[in-house]
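Structure below is final.cif: mmCIF, C-alpha atoms and all ligand atoms; chains and numbers go by the auth columns.
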data_my_file
#
loop_
_atom_site.group_PDB
_atom_site.id
_atom_site.type_symbol
_atom_site.label_atom_id
_atom_site.label_comp_id
_atom_site.label_asym_id
_atom_site.label_seq_id
_atom_site.Cartn_x
_atom_site.Cartn_y
_atom_site.Cartn_z
_atom_site.B_iso_or_equiv
_atom_site.auth_seq_id
_atom_site.auth_asym_id
ATOM 1 C CA MET A 1 0.000 0.000 0.000 0.00 1 A
ATOM 2 C CA GLU A 2 2.742 2.392 0.910 0.00 2 A
ATOM 3 C CA VAL A 3 4.169 2.007 -2.601 0.00 3 A
ATOM 4 C CA TYR A 4 0.869 3.187 -4.155 0.00 4 A
ATOM 5 C CA GLU A 5 0.676 6.133 -1.761 0.00 5 A
ATOM 6 C CA LYS A 6 4.158 7.179 -2.822 0.00 6 A
ATOM 7 C CA ILE A 7 3.203 6.874 -6.490 0.00 7 A
ATOM 8 C CA PHE A 8 -0.013 8.901 -6.057 0.00 8 A
ATOM 9 C CA ALA A 9 1.776 11.543 -3.998 0.00 9 A
ATOM 10 C CA SER A 10 4.514 11.963 -6.587 0.00 10 A
ATOM 11 C CA VAL A 11 2.002 12.077 -9.464 0.00 11 A
ATOM 12 C CA ALA A 12 0.020 14.766 -7.610 0.00 12 A
ATOM 13 C CA ALA A 13 3.218 16.709 -6.907 0.00 13 A
ATOM 14 C CA ALA A 14 4.318 16.397 -10.548 0.00 14 A
ATOM 15 C CA ILE A 15 0.935 17.731 -11.762 0.00 15 A
ATOM 16 C CA LEU A 16 1.222 20.717 -9.413 0.00 16 A
ATOM 17 C CA VAL A 17 4.738 21.491 -10.652 0.00 17 A
ATOM 18 C CA LEU A 18 3.562 21.113 -14.267 0.00 18 A
ATOM 19 C CA PHE A 19 0.603 23.505 -13.775 0.00 19 A
ATOM 20 C CA LEU A 20 2.720 26.047 -11.904 0.00 20 A
ATOM 21 C CA GLY A 21 5.264 25.824 -14.711 0.00 21 A
ATOM 22 C CA ALA A 22 2.543 26.373 -17.331 0.00 22 A
ATOM 23 C CA LEU A 23 1.298 29.400 -15.368 0.00 23 A
ATOM 24 C CA ALA A 24 4.809 30.846 -15.093 0.00 24 A
ATOM 25 C CA TYR A 25 5.450 30.179 -18.801 0.00 25 A
ATOM 26 C CA GLY A 26 2.216 31.956 -19.779 0.00 26 A
ATOM 27 C CA ALA A 27 2.889 34.943 -17.545 0.00 27 A
ATOM 28 C CA LEU A 28 6.646 35.364 -18.069 0.00 28 A
ATOM 29 C CA VAL A 29 7.347 34.018 -21.573 0.00 29 A
ATOM 30 C CA LEU A 30 4.068 34.496 -23.452 0.00 30 A
ATOM 31 C CA LYS A 31 3.292 37.615 -21.388 0.00 31 A
ATOM 32 C CA ILE A 32 -0.378 36.792 -20.920 0.00 32 A
ATOM 33 C CA ASN A 33 -1.562 39.153 -18.220 0.00 33 A
ATOM 34 C CA LEU A 34 -4.837 40.291 -16.785 0.00 34 A
ATOM 35 C CA PRO A 35 -5.881 43.656 -18.212 0.00 35 A
ATOM 36 C CA GLY A 36 -4.546 46.339 -15.948 0.00 36 A
ATOM 37 C CA HIS A 37 -6.873 48.739 -14.269 0.00 37 A
ATOM 38 C CA GLY A 38 -5.400 52.175 -14.389 0.00 38 A
ATOM 39 C CA GLU A 39 -7.010 55.095 -12.743 0.00 39 A
ATOM 40 C CA VAL A 40 -10.633 55.528 -11.728 0.00 40 A
ATOM 41 C CA ILE A 41 -12.667 58.467 -13.002 0.00 41 A
ATOM 42 C CA SER A 42 -15.125 59.716 -10.414 0.00 42 A
ATOM 43 C CA PRO A 43 -17.672 62.377 -11.338 0.00 43 A
ATOM 44 C CA GLY A 44 -18.012 65.401 -9.100 0.00 44 A
ATOM 45 C CA PRO A 45 -21.158 65.940 -7.015 0.00 45 A
ATOM 46 C CA GLY A 46 -24.175 65.861 -9.301 0.00 46 A
ATOM 47 C CA GLU A 47 -21.954 65.419 -12.352 0.00 47 A
ATOM 48 C CA ASN A 48 -22.740 62.886 -15.062 0.00 48 A
ATOM 49 C CA LEU A 49 -20.076 60.185 -15.580 0.00 49 A
ATOM 50 C CA ALA A 50 -19.951 60.844 -19.347 0.00 50 A
ATOM 51 C CA VAL A 51 -19.206 64.532 -18.662 0.00 51 A
ATOM 52 C CA ALA A 52 -16.445 63.597 -16.200 0.00 52 A
ATOM 53 C CA VAL A 53 -14.892 61.114 -18.676 0.00 53 A
ATOM 54 C CA LEU A 54 -14.925 63.633 -21.532 0.00 54 A
ATOM 55 C CA LYS A 55 -13.030 66.103 -19.330 0.00 55 A
ATOM 56 C CA THR A 56 -10.385 63.577 -18.244 0.00 56 A
ATOM 57 C CA PRO A 57 -7.249 63.021 -20.358 0.00 57 A
ATOM 58 C CA PRO A 58 -6.789 61.042 -22.541 0.00 58 A
ATOM 59 C CA PHE A 59 -10.559 60.710 -23.044 0.00 59 A
ATOM 60 C CA ASN A 60 -10.938 64.451 -23.699 0.00 60 A
ATOM 61 C CA THR A 61 -9.243 63.718 -27.049 0.00 61 A
ATOM 62 C CA PRO A 62 -10.517 60.240 -28.011 0.00 62 A
ATOM 63 C CA GLY A 63 -8.688 58.292 -30.696 0.00 63 A
ATOM 64 C CA VAL A 64 -5.251 57.029 -31.636 0.00 64 A
ATOM 65 C CA LYS A 65 -2.094 58.987 -30.851 0.00 65 A
ATOM 66 C CA GLN A 66 1.507 58.099 -31.508 0.00 66 A
ATOM 67 C CA VAL A 67 3.498 58.091 -28.259 0.00 67 A
ATOM 68 C CA SER A 68 6.908 57.057 -29.615 0.00 68 A
ATOM 69 C CA PRO A 69 8.268 55.394 -32.787 0.00 69 A
ATOM 70 C CA GLY A 70 6.200 52.241 -33.350 0.00 70 A
ATOM 71 C CA LYS A 71 4.055 52.833 -30.279 0.00 71 A
ATOM 72 C CA TYR A 72 0.502 54.110 -30.269 0.00 72 A
ATOM 73 C CA GLU A 73 -2.139 54.720 -27.658 0.00 73 A
ATOM 74 C CA ALA A 74 -5.893 54.697 -28.203 0.00 74 A
ATOM 75 C CA ALA A 75 -8.316 56.404 -25.829 0.00 75 A
ATOM 76 C CA ILE A 76 -11.724 54.815 -26.290 0.00 76 A
ATOM 77 C CA MET A 77 -15.045 55.532 -24.643 0.00 77 A
ATOM 78 C CA ALA A 78 -17.554 52.686 -24.519 0.00 78 A
ATOM 79 C CA GLN A 79 -21.241 53.451 -24.222 0.00 79 A
ATOM 80 C CA ALA A 80 -24.453 51.627 -25.091 0.00 80 A
ATOM 81 C CA TRP A 81 -24.077 50.691 -27.921 0.00 81 A
ATOM 82 C CA SER A 82 -20.930 51.978 -29.533 0.00 82 A
ATOM 83 C CA PHE A 83 -17.223 52.565 -29.148 0.00 83 A
ATOM 84 C CA MET A 84 -15.883 56.056 -29.662 0.00 84 A
ATOM 85 C CA PRO A 85 -13.922 56.038 -31.904 0.00 85 A
ATOM 86 C CA ALA A 86 -15.173 52.898 -33.635 0.00 86 A
ATOM 87 C CA GLU A 87 -12.197 52.742 -36.002 0.00 87 A
ATOM 88 C CA MET A 88 -8.486 52.862 -35.236 0.00 88 A
ATOM 89 C CA ASP A 89 -5.782 52.935 -37.923 0.00 89 A
ATOM 90 C CA ILE A 90 -2.160 51.972 -37.229 0.00 90 A
ATOM 91 C CA PRO A 91 0.810 50.841 -39.325 0.00 91 A
ATOM 92 C CA ALA A 92 1.685 47.118 -39.298 0.00 92 A
ATOM 93 C CA GLY A 93 4.249 46.085 -36.698 0.00 93 A
ATOM 94 C CA SER A 94 3.281 48.746 -34.206 0.00 94 A
ATOM 95 C CA GLU A 95 2.243 48.342 -30.628 0.00 95 A
ATOM 96 C CA LEU A 96 -1.132 49.714 -29.619 0.00 96 A
ATOM 97 C CA THR A 97 -2.156 50.340 -26.029 0.00 97 A
ATOM 98 C CA PHE A 98 -5.896 50.486 -25.519 0.00 98 A
ATOM 99 C CA LYS A 99 -7.165 52.713 -22.731 0.00 99 A
ATOM 100 C CA VAL A 100 -10.867 52.052 -22.464 0.00 100 A
ATOM 101 C CA THR A 101 -13.568 53.250 -20.118 0.00 101 A
ATOM 102 C CA SER A 102 -17.333 53.033 -20.014 0.00 102 A
ATOM 103 C CA VAL A 103 -19.724 55.841 -19.215 0.00 103 A
ATOM 104 C CA ASP A 104 -22.801 53.738 -18.506 0.00 104 A
ATOM 105 C CA VAL A 105 -22.817 49.975 -17.968 0.00 105 A
ATOM 106 C CA THR A 106 -20.215 47.197 -18.118 0.00 106 A
ATOM 107 C CA HIS A 107 -19.108 46.467 -21.669 0.00 107 A
ATOM 108 C CA GLY A 108 -16.647 44.052 -23.226 0.00 108 A
ATOM 109 C CA PHE A 109 -13.632 44.786 -25.412 0.00 109 A
ATOM 110 C CA PHE A 110 -12.577 41.786 -27.450 0.00 110 A
ATOM 111 C CA ILE A 111 -10.483 41.543 -30.630 0.00 111 A
ATOM 112 C CA PRO A 112 -10.607 37.944 -31.915 0.00 112 A
ATOM 113 C CA GLY A 113 -7.231 36.566 -33.005 0.00 113 A
ATOM 114 C CA THR A 114 -5.315 38.756 -30.518 0.00 114 A
ATOM 115 C CA THR A 115 -4.795 38.729 -26.740 0.00 115 A
ATOM 116 C CA VAL A 116 -7.045 41.793 -26.365 0.00 116 A
ATOM 117 C CA ASN A 117 -9.935 40.702 -24.158 0.00 117 A
ATOM 118 C CA MET A 118 -11.128 43.041 -21.417 0.00 118 A
ATOM 119 C CA MET A 119 -14.096 43.970 -19.372 0.00 119 A
ATOM 120 C CA VAL A 120 -14.843 47.678 -19.377 0.00 120 A
ATOM 121 C CA ILE A 121 -16.304 48.896 -16.114 0.00 121 A
ATOM 122 C CA PRO A 122 -17.994 52.318 -15.744 0.00 122 A
ATOM 123 C CA GLY A 123 -15.457 54.884 -14.567 0.00 123 A
ATOM 124 C CA HIS A 124 -12.524 52.427 -14.537 0.00 124 A
ATOM 125 C CA VAL A 125 -9.756 52.615 -17.114 0.00 125 A
ATOM 126 C CA SER A 126 -8.919 49.200 -18.591 0.00 126 A
ATOM 127 C CA LEU A 127 -5.501 48.842 -20.218 0.00 127 A
ATOM 128 C CA GLU A 128 -4.199 46.321 -22.689 0.00 128 A
ATOM 129 C CA THR A 129 -1.283 46.431 -25.148 0.00 129 A
ATOM 130 C CA TYR A 130 -0.950 44.390 -28.316 0.00 130 A
ATOM 131 C CA ARG A 131 1.520 44.401 -31.199 0.00 131 A
ATOM 132 C CA PHE A 132 -0.281 44.172 -34.548 0.00 132 A
ATOM 133 C CA GLU A 133 2.189 42.434 -36.847 0.00 133 A
ATOM 134 C CA LYS A 134 -0.084 41.409 -39.719 0.00 134 A
ATOM 135 C CA PRO A 135 -1.878 43.971 -41.887 0.00 135 A
ATOM 136 C CA GLY A 136 -5.624 43.581 -42.069 0.00 136 A
ATOM 137 C CA THR A 137 -8.885 44.613 -40.483 0.00 137 A
ATOM 138 C CA TYR A 138 -9.361 43.355 -36.942 0.00 138 A
ATOM 139 C CA LEU A 139 -12.875 43.209 -35.623 0.00 139 A
ATOM 140 C CA LEU A 140 -13.588 44.706 -32.205 0.00 140 A
ATOM 141 C CA LEU A 141 -16.562 43.301 -30.323 0.00 141 A
ATOM 142 C CA CYS A 142 -18.413 44.060 -27.139 0.00 142 A
ATOM 143 C CA HIS A 143 -18.662 40.607 -25.574 0.00 143 A
ATOM 144 C CA GLU A 144 -20.403 41.565 -22.352 0.00 144 A
ATOM 145 C CA TYR A 145 -24.192 41.750 -22.611 0.00 145 A
ATOM 146 C CA CYS A 146 -25.099 45.424 -22.308 0.00 146 A
ATOM 147 C CA GLY A 147 -28.699 45.707 -23.431 0.00 147 A
ATOM 148 C CA MET A 148 -30.976 45.518 -26.418 0.00 148 A
ATOM 149 C CA LEU A 149 -28.476 46.499 -29.137 0.00 149 A
ATOM 150 C CA HIS A 150 -25.448 44.765 -27.563 0.00 150 A
ATOM 151 C CA HIS A 151 -24.940 42.726 -30.751 0.00 151 A
ATOM 152 C CA THR A 152 -24.473 45.927 -32.782 0.00 152 A
ATOM 153 C CA MET A 153 -21.667 47.238 -30.571 0.00 153 A
ATOM 154 C CA VAL A 154 -18.651 46.714 -32.812 0.00 154 A
ATOM 155 C CA GLY A 155 -15.571 48.508 -34.063 0.00 155 A
ATOM 156 C CA LYS A 156 -12.374 47.764 -35.941 0.00 156 A
ATOM 157 C CA VAL A 157 -8.619 48.183 -35.940 0.00 157 A
ATOM 158 C CA VAL A 158 -7.220 48.733 -39.429 0.00 158 A
ATOM 159 C CA VAL A 159 -3.563 47.708 -39.708 0.00 159 A
ATOM 160 C CA LYS A 160 -1.825 48.843 -42.913 0.00 160 A
HETATM 161 CU CU1 LIG B . -21.597 46.835 -24.992 0.00 201 A
HETATM 162 CU CU2 LIG B . -22.385 44.629 -25.159 0.00 201 A
#
Rewrite the structure of this file - the entire thing - as structure tokens.
Amino acid sequence: MEVYEKIFASVAAAILVLFLGALAYGALVLKINLPGHGEVISPGPGENLAVAVLKTPPFNTPGVKQVSPGKYEAAIMAQAWSFMPAEMDIPAGSELTFKVTSVDVTHGFFIPGTTVNMMVIPGHVSLETYRFEKPGTYLLLCHEYCGMLHHTMVGKVVVK
């Protein structure tokens, strides 16, 4: 019996080591991380959240900006049922950091075929960076149910 216990214990230990290794590999080598939550935008007394967001940089100038050679940043406002802006254009091979916030309810921010997959919470700034190597049109979807026209809440990233 003791032999079996030893076998089971070592198999269990090996599985743990394997899973921890897979986790470390994903986080450190593949750089798969949870979307970071940057700052929180809180409206003043009696102020509407949308008004507060539109006053707060970088959301006061929504859209794509170049921050350094090959690096871009996009400030995007999510609201039922659209993204503002709905289209982002960048050159192939560049890195794009998405800074996204919602002004009403929780939305999703998902670009199939990339690692961009975030939840967008009202007043919270969600951050995610992705390098777009291949030219093409990448579809952006809201994948968090947000009401009647949720299925129409789409956008795109055009990589040239
Ligand atoms: Cu926004 Cu679903």
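Residues of protein, DNA or RNA lying at most 7 Å from ligand LIG 201 (chain A), when all atoms listed in the file are considered, are Gln79, Ala80, Trp81, Ser82, His107, Gly108, Cys142, His143, Glu144, Tyr145, Cys146, Gly147, His150, His151 and Met153 of chain A.
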Determine the residue set returned by the PyMOL selection byres (((chain A and resi 111) around 12) and not hetatm) for the present structure, and present it as a PDB file with C-alpha atoms, in the coordinates of the input.
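Okay, result-v4.pdb is ready:
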ATOM      1  CA  PHE A  98      -5.896  50.486 -25.519  1.00  0.00           C
ATOM      2  CA  GLY A 108     -16.647  44.052 -23.226  1.00  0.00           C
ATOM      3  CA  PHE A 109     -13.632  44.786 -25.412  1.00  0.00           C
ATOM      4  CA  PHE A 110     -12.577  41.786 -27.450  1.00  0.00           C
ATOM      5  CA  PRO A 112     -10.607  37.944 -31.915  1.00  0.00           C
ATOM      6  CA  GLY A 113      -7.231  36.566 -33.005  1.00  0.00           C
ATOM      7  CA  THR A 114      -5.315  38.756 -30.518  1.00  0.00           C
ATOM      8  CA  THR A 115      -4.795  38.729 -26.740  1.00  0.00           C
ATOM      9  CA  VAL A 116      -7.045  41.793 -26.365  1.00  0.00           C
ATOM     10  CA  ASN A 117      -9.935  40.702 -24.158  1.00  0.00           C
ATOM     11  CA  MET A 118     -11.128  43.041 -21.417  1.00  0.00           C
ATOM     12  CA  GLU A 128      -4.199  46.321 -22.689  1.00  0.00           C
ATOM     13  CA  THR A 129      -1.283  46.431 -25.148  1.00  0.00           C
ATOM     14  CA  TYR A 130      -0.950  44.390 -28.316  1.00  0.00           C
ATOM     15  CA  PHE A 132      -0.281  44.172 -34.548  1.00  0.00           C
ATOM     16  CA  THR A 137      -8.885  44.613 -40.483  1.00  0.00           C
ATOM     17  CA  TYR A 138      -9.361  43.355 -36.942  1.00  0.00           C
ATOM     18  CA  LEU A 139     -12.875  43.209 -35.623  1.00  0.00           C
ATOM     19  CA  LEU A 140     -13.588  44.706 -32.205  1.00  0.00           C
ATOM     20  CA  LEU A 141     -16.562  43.301 -30.323  1.00  0.00           C
ATOM     21  CA  CYS A 142     -18.413  44.060 -27.139  1.00  0.00           C
ATOM     22  CA  HIS A 143     -18.662  40.607 -25.574  1.00  0.00           C
ATOM     23  CA  VAL A 154     -18.651  46.714 -32.812  1.00  0.00           C
ATOM     24  CA  GLY A 155     -15.571  48.508 -34.063  1.00  0.00           C
ATOM     25  CA  LYS A 156     -12.374  47.764 -35.941  1.00  0.00           C
ATOM     26  CA  VAL A 157      -8.619  48.183 -35.940  1.00  0.00           C
ATOM     27  CA  VAL A 158      -7.220  48.733 -39.429  1.00  0.00           C
TER      28      VAL A 158
END
*Top pick for closest residue to A:Val125, considering A:Gly21, A:Pro58, A:Gly44, A:Pro91 and counting all atoms listed in the file*: A:Pro58
A:Lys55 surroundings by all atoms listed in the file, 10 Å radius, close-in-sequence under 6 positions cut, as a PDB file with C-alpha atoms, keeping the file's coordinate frame:
ATOM      1  CA  ILE A  41     -12.667  58.467 -13.002  1.00  0.00           C
ATOM      2  CA  PRO A  43     -17.672  62.377 -11.338  1.00  0.00           C
ATOM      3  CA  LEU A  49     -20.076  60.185 -15.580  1.00  0.00           C
ATOM      4  CA  THR A  61      -9.243  63.718 -27.049  1.00  0.00           C
TER       5      THR A  61
END
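Between atom CA of A:Glu95 and atom CA of A:Pro122 lies a distance of 25.4 Å.
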*Can you work out the spacing between atom CA of A:Met77 and atom CA of A:Glu47 in Å, to one decimal?*
17.2 Å
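Between atom CA of A:Glu133 and atom CA of A:Val120 the interatomic distance comes to 25.0 Å.
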Each side padded by 6 Å, which centre and which edge lengths in Å (one decimal) define the axis-aligned box around the listed atoms of stretch 83-96 of chain A? Give them as lines of an AutoDock Vina configuration file.
center_x = -6.5
center_y = 51.1
center_z = -34.2
size_x = 33.5
size_y = 22.0
size_z = 22.2
*Return the single residue from A:Val53, A:Val67, A:Ala14, A:Met119 that is closest to A:Val103, with distances computed using all atoms listed in the file.*
A:Val53
*Evaluate the PyMOL selection byres (((chain A and resi 63) around 7) and not hetatm) on the structure here and hand back the selected residues as a ChimeraX atom specification.*
/A:61-62,64-65,74-76,85
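Distance check against A:Ala50 using all atoms listed in the file: of A:Ala78, A:Ala22, A:Leu149, A:Ile15, the minimum falls on A:Ala78.
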*Name the residues, using the chain letters and numbers of the file, that sit within 9 Å of (1.9, 42.9, -42.7) when counting only C-alpha atoms, and give them as a PyMOL selection string.*
chain A and resi 91-93+132-136+159-160
Could I get stretch 86-97 of chain A rebuilt with all heavy atoms, written as a PDB file, keeping the file's coordinate frame?
ATOM      1  N   ALA A  86     -14.872  54.279 -33.262  1.00  0.00           N
ATOM      2  CA  ALA A  86     -15.173  52.898 -33.635  1.00  0.00           C
ATOM      3  C   ALA A  86     -14.111  52.338 -34.568  1.00  0.00           C
ATOM      4  O   ALA A  86     -14.070  51.155 -34.822  1.00  0.00           O
ATOM      5  CB  ALA A  86     -16.546  52.814 -34.282  1.00  0.00           C
ATOM      6  N   GLU A  87     -13.252  53.223 -35.109  1.00  0.00           N
ATOM      7  CA  GLU A  87     -12.197  52.742 -36.002  1.00  0.00           C
ATOM      8  C   GLU A  87     -10.852  53.312 -35.594  1.00  0.00           C
ATOM      9  O   GLU A  87     -10.737  54.503 -35.294  1.00  0.00           O
ATOM     10  CB  GLU A  87     -12.502  53.128 -37.460  1.00  0.00           C
ATOM     11  CG  GLU A  87     -11.482  52.507 -38.404  1.00  0.00           C
ATOM     12  CD  GLU A  87     -11.690  52.846 -39.879  1.00  0.00           C
ATOM     13  OE1 GLU A  87     -12.846  53.030 -40.304  1.00  0.00           O
ATOM     14  OE2 GLU A  87     -10.670  52.929 -40.585  1.00  0.00           O
ATOM     15  N   MET A  88      -9.843  52.437 -35.562  1.00  0.00           N
ATOM     16  CA  MET A  88      -8.486  52.862 -35.236  1.00  0.00           C
ATOM     17  C   MET A  88      -7.556  52.389 -36.335  1.00  0.00           C
ATOM     18  O   MET A  88      -7.615  51.227 -36.722  1.00  0.00           O
ATOM     19  CB  MET A  88      -8.055  52.242 -33.903  1.00  0.00           C
ATOM     20  CG  MET A  88      -8.733  52.891 -32.709  1.00  0.00           C
ATOM     21  SD  MET A  88      -8.925  51.722 -31.352  1.00  0.00           S
ATOM     22  CE  MET A  88     -10.490  50.973 -31.768  1.00  0.00           C
ATOM     23  N   ASP A  89      -6.717  53.281 -36.854  1.00  0.00           N
ATOM     24  CA  ASP A  89      -5.782  52.935 -37.923  1.00  0.00           C
ATOM     25  C   ASP A  89      -4.356  53.023 -37.399  1.00  0.00           C
ATOM     26  O   ASP A  89      -3.970  54.052 -36.838  1.00  0.00           O
ATOM     27  CB  ASP A  89      -5.926  53.923 -39.098  1.00  0.00           C
ATOM     28  CG  ASP A  89      -7.274  53.792 -39.795  1.00  0.00           C
ATOM     29  OD1 ASP A  89      -8.172  53.140 -39.231  1.00  0.00           O
ATOM     30  OD2 ASP A  89      -7.411  54.345 -40.902  1.00  0.00           O
ATOM     31  N   ILE A  90      -3.581  51.947 -37.608  1.00  0.00           N
ATOM     32  CA  ILE A  90      -2.160  51.972 -37.229  1.00  0.00           C
ATOM     33  C   ILE A  90      -1.334  51.253 -38.294  1.00  0.00           C
ATOM     34  O   ILE A  90      -1.853  50.399 -38.999  1.00  0.00           O
ATOM     35  CB  ILE A  90      -1.900  51.323 -35.845  1.00  0.00           C
ATOM     36  CG1 ILE A  90      -2.513  49.926 -35.767  1.00  0.00           C
ATOM     37  CG2 ILE A  90      -2.382  52.195 -34.696  1.00  0.00           C
ATOM     38  CD1 ILE A  90      -1.905  49.063 -34.688  1.00  0.00           C
ATOM     39  N   PRO A  91      -0.043  51.572 -38.386  1.00  0.00           N
ATOM     40  CA  PRO A  91       0.810  50.841 -39.325  1.00  0.00           C
ATOM     41  C   PRO A  91       1.147  49.451 -38.787  1.00  0.00           C
ATOM     42  O   PRO A  91       1.235  49.271 -37.565  1.00  0.00           O
ATOM     43  CB  PRO A  91       2.072  51.702 -39.426  1.00  0.00           C
ATOM     44  CG  PRO A  91       1.906  52.837 -38.510  1.00  0.00           C
ATOM     45  CD  PRO A  91       0.651  52.689 -37.732  1.00  0.00           C
ATOM     46  N   ALA A  92       1.353  48.492 -39.694  1.00  0.00           N
ATOM     47  CA  ALA A  92       1.685  47.118 -39.298  1.00  0.00           C
ATOM     48  C   ALA A  92       2.982  47.098 -38.501  1.00  0.00           C
ATOM     49  O   ALA A  92       3.889  47.882 -38.759  1.00  0.00           O
ATOM     50  CB  ALA A  92       1.803  46.243 -40.532  1.00  0.00           C
ATOM     51  N   GLY A  93       3.050  46.230 -37.521  1.00  0.00           N
ATOM     52  CA  GLY A  93       4.249  46.085 -36.698  1.00  0.00           C
ATOM     53  C   GLY A  93       4.267  47.001 -35.500  1.00  0.00           C
ATOM     54  O   GLY A  93       5.202  46.976 -34.712  1.00  0.00           O
ATOM     55  N   SER A  94       3.241  47.845 -35.353  1.00  0.00           N
ATOM     56  CA  SER A  94       3.281  48.746 -34.206  1.00  0.00           C
ATOM     57  C   SER A  94       2.493  48.203 -33.027  1.00  0.00           C
ATOM     58  O   SER A  94       1.636  47.338 -33.150  1.00  0.00           O
ATOM     59  CB  SER A  94       2.834  50.155 -34.583  1.00  0.00           C
ATOM     60  OG  SER A  94       1.732  50.120 -35.435  1.00  0.00           O
ATOM     61  N   GLU A  95       2.836  48.764 -31.886  1.00  0.00           N
ATOM     62  CA  GLU A  95       2.243  48.342 -30.628  1.00  0.00           C
ATOM     63  C   GLU A  95       1.149  49.340 -30.274  1.00  0.00           C
ATOM     64  O   GLU A  95       1.375  50.548 -30.318  1.00  0.00           O
ATOM     65  CB  GLU A  95       3.347  48.397 -29.571  1.00  0.00           C
ATOM     66  CG  GLU A  95       3.162  47.462 -28.418  1.00  0.00           C
ATOM     67  CD  GLU A  95       4.372  47.509 -27.503  1.00  0.00           C
ATOM     68  OE1 GLU A  95       4.401  48.389 -26.625  1.00  0.00           O
ATOM     69  OE2 GLU A  95       5.282  46.692 -27.685  1.00  0.00           O
ATOM     70  N   LEU A  96      -0.018  48.827 -29.952  1.00  0.00           N
ATOM     71  CA  LEU A  96      -1.132  49.714 -29.619  1.00  0.00           C
ATOM     72  C   LEU A  96      -1.605  49.423 -28.200  1.00  0.00           C
ATOM     73  O   LEU A  96      -1.909  48.285 -27.851  1.00  0.00           O
ATOM     74  CB  LEU A  96      -2.266  49.505 -30.631  1.00  0.00           C
ATOM     75  CG  LEU A  96      -3.533  50.330 -30.483  1.00  0.00           C
ATOM     76  CD1 LEU A  96      -3.240  51.827 -30.459  1.00  0.00           C
ATOM     77  CD2 LEU A  96      -4.510  50.024 -31.608  1.00  0.00           C
ATOM     78  N   THR A  97      -1.643  50.468 -27.387  1.00  0.00           N
ATOM     79  CA  THR A  97      -2.156  50.340 -26.029  1.00  0.00           C
ATOM     80  C   THR A  97      -3.564  50.893 -26.003  1.00  0.00           C
ATOM     81  O   THR A  97      -3.787  52.046 -26.374  1.00  0.00           O
ATOM     82  CB  THR A  97      -1.258  51.095 -25.029  1.00  0.00           C
ATOM     83  OG1 THR A  97       0.026  50.485 -25.043  1.00  0.00           O
ATOM     84  CG2 THR A  97      -1.818  51.028 -23.619  1.00  0.00           C
TER      85      THR A  97
END
